[in-house]
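Here the structure comes first, spelled out in structure tokens, and everything after it is commentary.
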Amino acid sequence: MIEACPITEGVVDEHVARLNALLTLALLLFGLWVPVVWVFLFLDFCIRIKLTKCSPLAALNRWLLHSVLKVKPKFINKEPKIFAVWVGLVFSFLLVLSWLLSQTVLVWIILVIFGLATSLEAFLGYCIGCKTYQILVELKIIHLPQREA
């Protein structure tokens with residue numbers, strides 16, 4: 001298996017990504033008391049897909065890390081993280097849908113899986129979505145974006 005993320009042109013700050021995961025975990029847990037928070041989380045994932053800089057969570061985390069704490073960015077490849085955001089979007093959509101349909105058992109299953117994935121990213125820097133992306137690239141199910149010459 002590929003050890004490092006496939007190289008692409010775009011980069012993201014790993015510190016922001018990990019803090020995004022921590023805040024996502026916090027919102028997942030807070031949603032147990034105020035489930036409408038999961039709708040906000042879903043909308044944030046929708047924004048993060050194409051307009052990363054406009055995502056309220058990412059903007060808050062960038063400000064906190066760079067302006068307040070003065071943490072230097074640690075740039076990593078963007079494509080695996082974008083894939084992970086798509087996975088988060090799907091999970092957050094399924095969570096909101098399950099909640100709206102009063103499917104309590106399904107809500108708990110999604111919360112446990114989603115919470116585990118965000119915990120691994122936030123606390124250990126292990127991105128399940130990124131690892132899945134690497135495997136899919138290696139199996140040639142996903143093709144790397146073409147670089148412009």
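A note on labels: chains of the structure tokens are A, B, ... as shown, every chain counts residues from 1, and ligands are counted from 1 in their shown order.
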### Those in chain A with alpha helix (DSSP H) from DSSP, as a PyMOL selection string
chain A and resi 14-30+37-50+56-62+78-100+104-119+128-138
### Task
Find the residues around Lys81 of chain A up to 9 Å (only C-alpha atoms counted), leave out those fewer than 5 positions away in its own chain, and share them as a list of chain:residue names.
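After dropping sequence-adjacent residues, the list is A:Val12, A:Ala17, A:Ile76, A:Trp86, A:Cys127, A:Gly129, A:Cys130, A:Tyr133.
Distance-wise, atom CA of Asn20 of chain A and atom CA of Ala122 of chain A end up 7.8 Å apart.
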### Query
For Phe45 of chain A, which residue among A:Gly88, A:Gly31, A:Pro73, A:Pro80 is the nearest when counting only C-alpha atoms?
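Counting only C-alpha atoms, the residue closest to Phe45 of chain A is A:Gly88.
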### Query
In terms of the shortest atom-to-atom distance over only C-alpha atoms, which of A:Thr24, A:Thr118, A:Ser98, A:Ser67 is closest to Phe40 of chain A?
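Comparing A:Thr24, A:Thr118, A:Ser98, A:Ser67 against Phe40 of chain A, the winner is A:Thr24.
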### Task
Record the distance separating atom CA of Leu89 of chain A and atom CA of Leu60 of chain A, expressed in Å with one decimal.
18.9 Å
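Residues surrounding Leu43 of chain A within 9 Å are Trp38, Val39, Ile47, Arg48, Ser55, Leu89 and Ser92 of chain A [only C-alpha atoms; sequence separation below 4 positions excluded].
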Would you write out those residues with N, CA and C atoms, as an mmCIF file, in the first residue's frame?
```cif
data_model
loop_
_atom_site.group_PDB
_atom_site.id
_atom_site.type_symbol
_atom_site.label_atom_id
_atom_site.label_comp_id
_atom_site.auth_asym_id
_atom_site.auth_seq_id
_atom_site.Cartn_x
_atom_site.Cartn_y
_atom_site.Cartn_z
ATOM 1 N N TRP A 38 -26.607 18.987 13.946
ATOM 2 C CA TRP A 38 -26.144 18.106 12.869
ATOM 3 C C TRP A 38 -26.459 18.684 11.491
ATOM 4 N N VAL A 39 -27.536 19.489 11.403
ATOM 5 C CA VAL A 39 -27.863 20.159 10.136
ATOM 6 C C VAL A 39 -26.760 21.179 9.820
ATOM 7 N N ILE A 47 -20.264 23.239 2.276
ATOM 8 C CA ILE A 47 -19.430 24.394 1.952
ATOM 9 C C ILE A 47 -17.977 23.971 1.787
ATOM 10 N N ARG A 48 -17.503 23.105 2.666
ATOM 11 C CA ARG A 48 -16.097 22.694 2.680
ATOM 12 C C ARG A 48 -15.687 21.950 1.406
ATOM 13 N N SER A 55 -15.908 27.803 4.792
ATOM 14 C CA SER A 55 -16.491 26.938 5.818
ATOM 15 C C SER A 55 -16.366 27.611 7.177
ATOM 16 N N LEU A 89 -19.364 14.419 4.454
ATOM 17 C CA LEU A 89 -20.623 14.934 3.917
ATOM 18 C C LEU A 89 -21.670 13.822 3.862
ATOM 19 N N SER A 92 -22.677 12.914 7.460
ATOM 20 C CA SER A 92 -23.512 13.944 8.081
ATOM 21 C C SER A 92 -24.905 13.971 7.451
#
```
### Message
Which residue is closest to Phe93 of chain A? Choose from A:Ile141, A:Ala58, A:Asp44, A:Glu79 and count only C-alpha atoms.
### Response
A:Asp44
### Task
From segment 3-146 of chain A, collect each residue whose DSSP state is strand (DSSP E or B) and return the set as a ChimeraX atom specification.
/A:11-13,75-77
### Message
Can you pull out the residues contacting Lys74 of chain A? Cut-off 9 Å, using only C-alpha atoms, and skip same-chain residues under 2 positions away; I want them as an MDAnalysis selection string.
### Response
chainID A and resid 12:16 71:72 76
Filtering to C-alpha atoms, could you give me those residues as an mmCIF file, in the first residue's frame?
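Output file again_26.cif follows:
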```cif
data_model
loop_
_atom_site.group_PDB
_atom_site.id
_atom_site.type_symbol
_atom_site.label_atom_id
_atom_site.label_comp_id
_atom_site.auth_asym_id
_atom_site.auth_seq_id
_atom_site.Cartn_x
_atom_site.Cartn_y
_atom_site.Cartn_z
ATOM 1 C CA VAL A 12 -4.187 21.996 3.103
ATOM 2 C CA ASP A 13 -3.007 22.740 6.627
ATOM 3 C CA GLU A 14 -2.991 19.524 8.634
ATOM 4 C CA HIS A 15 -3.421 21.422 11.898
ATOM 5 C CA VAL A 16 -6.650 22.976 10.614
ATOM 6 C CA VAL A 71 0.844 27.968 14.951
ATOM 7 C CA LYS A 72 2.743 27.624 11.674
ATOM 8 C CA ILE A 76 -0.187 18.204 3.320
#
```
#### Entry: Nearest residue to Phe30 of chain A from the set A:Lys78, A:Leu111, A:Val85, A:Leu100 (distances using only C-alpha atoms)
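The closest residue to Phe30 of chain A is A:Leu111.
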### Query
What separation in Å, quoted to one decimal, exists between atom CA of Asn77 of chain A and atom CA of Gln134 of chain A?
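Computed distance, atom CA of Asn77 of chain A to atom CA of Gln134 of chain A, equals 11.6 Å.
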### Message
Given only C-alpha atoms as the basis, pick out the residue of A:Asn61, A:Phe91, A:Ser119, A:Leu41 nearest to Leu19 of chain A.
### Response
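Checking each of A:Asn61, A:Phe91, A:Ser119, A:Leu41 against Leu19 of chain A, counting only C-alpha atoms, the winner is A:Asn61.
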## Note on the structure
Of A:Val107, A:Leu124, A:Leu51, A:Leu95, the one sitting nearest Ile82 of chain A when using only C-alpha atoms is A:Leu51
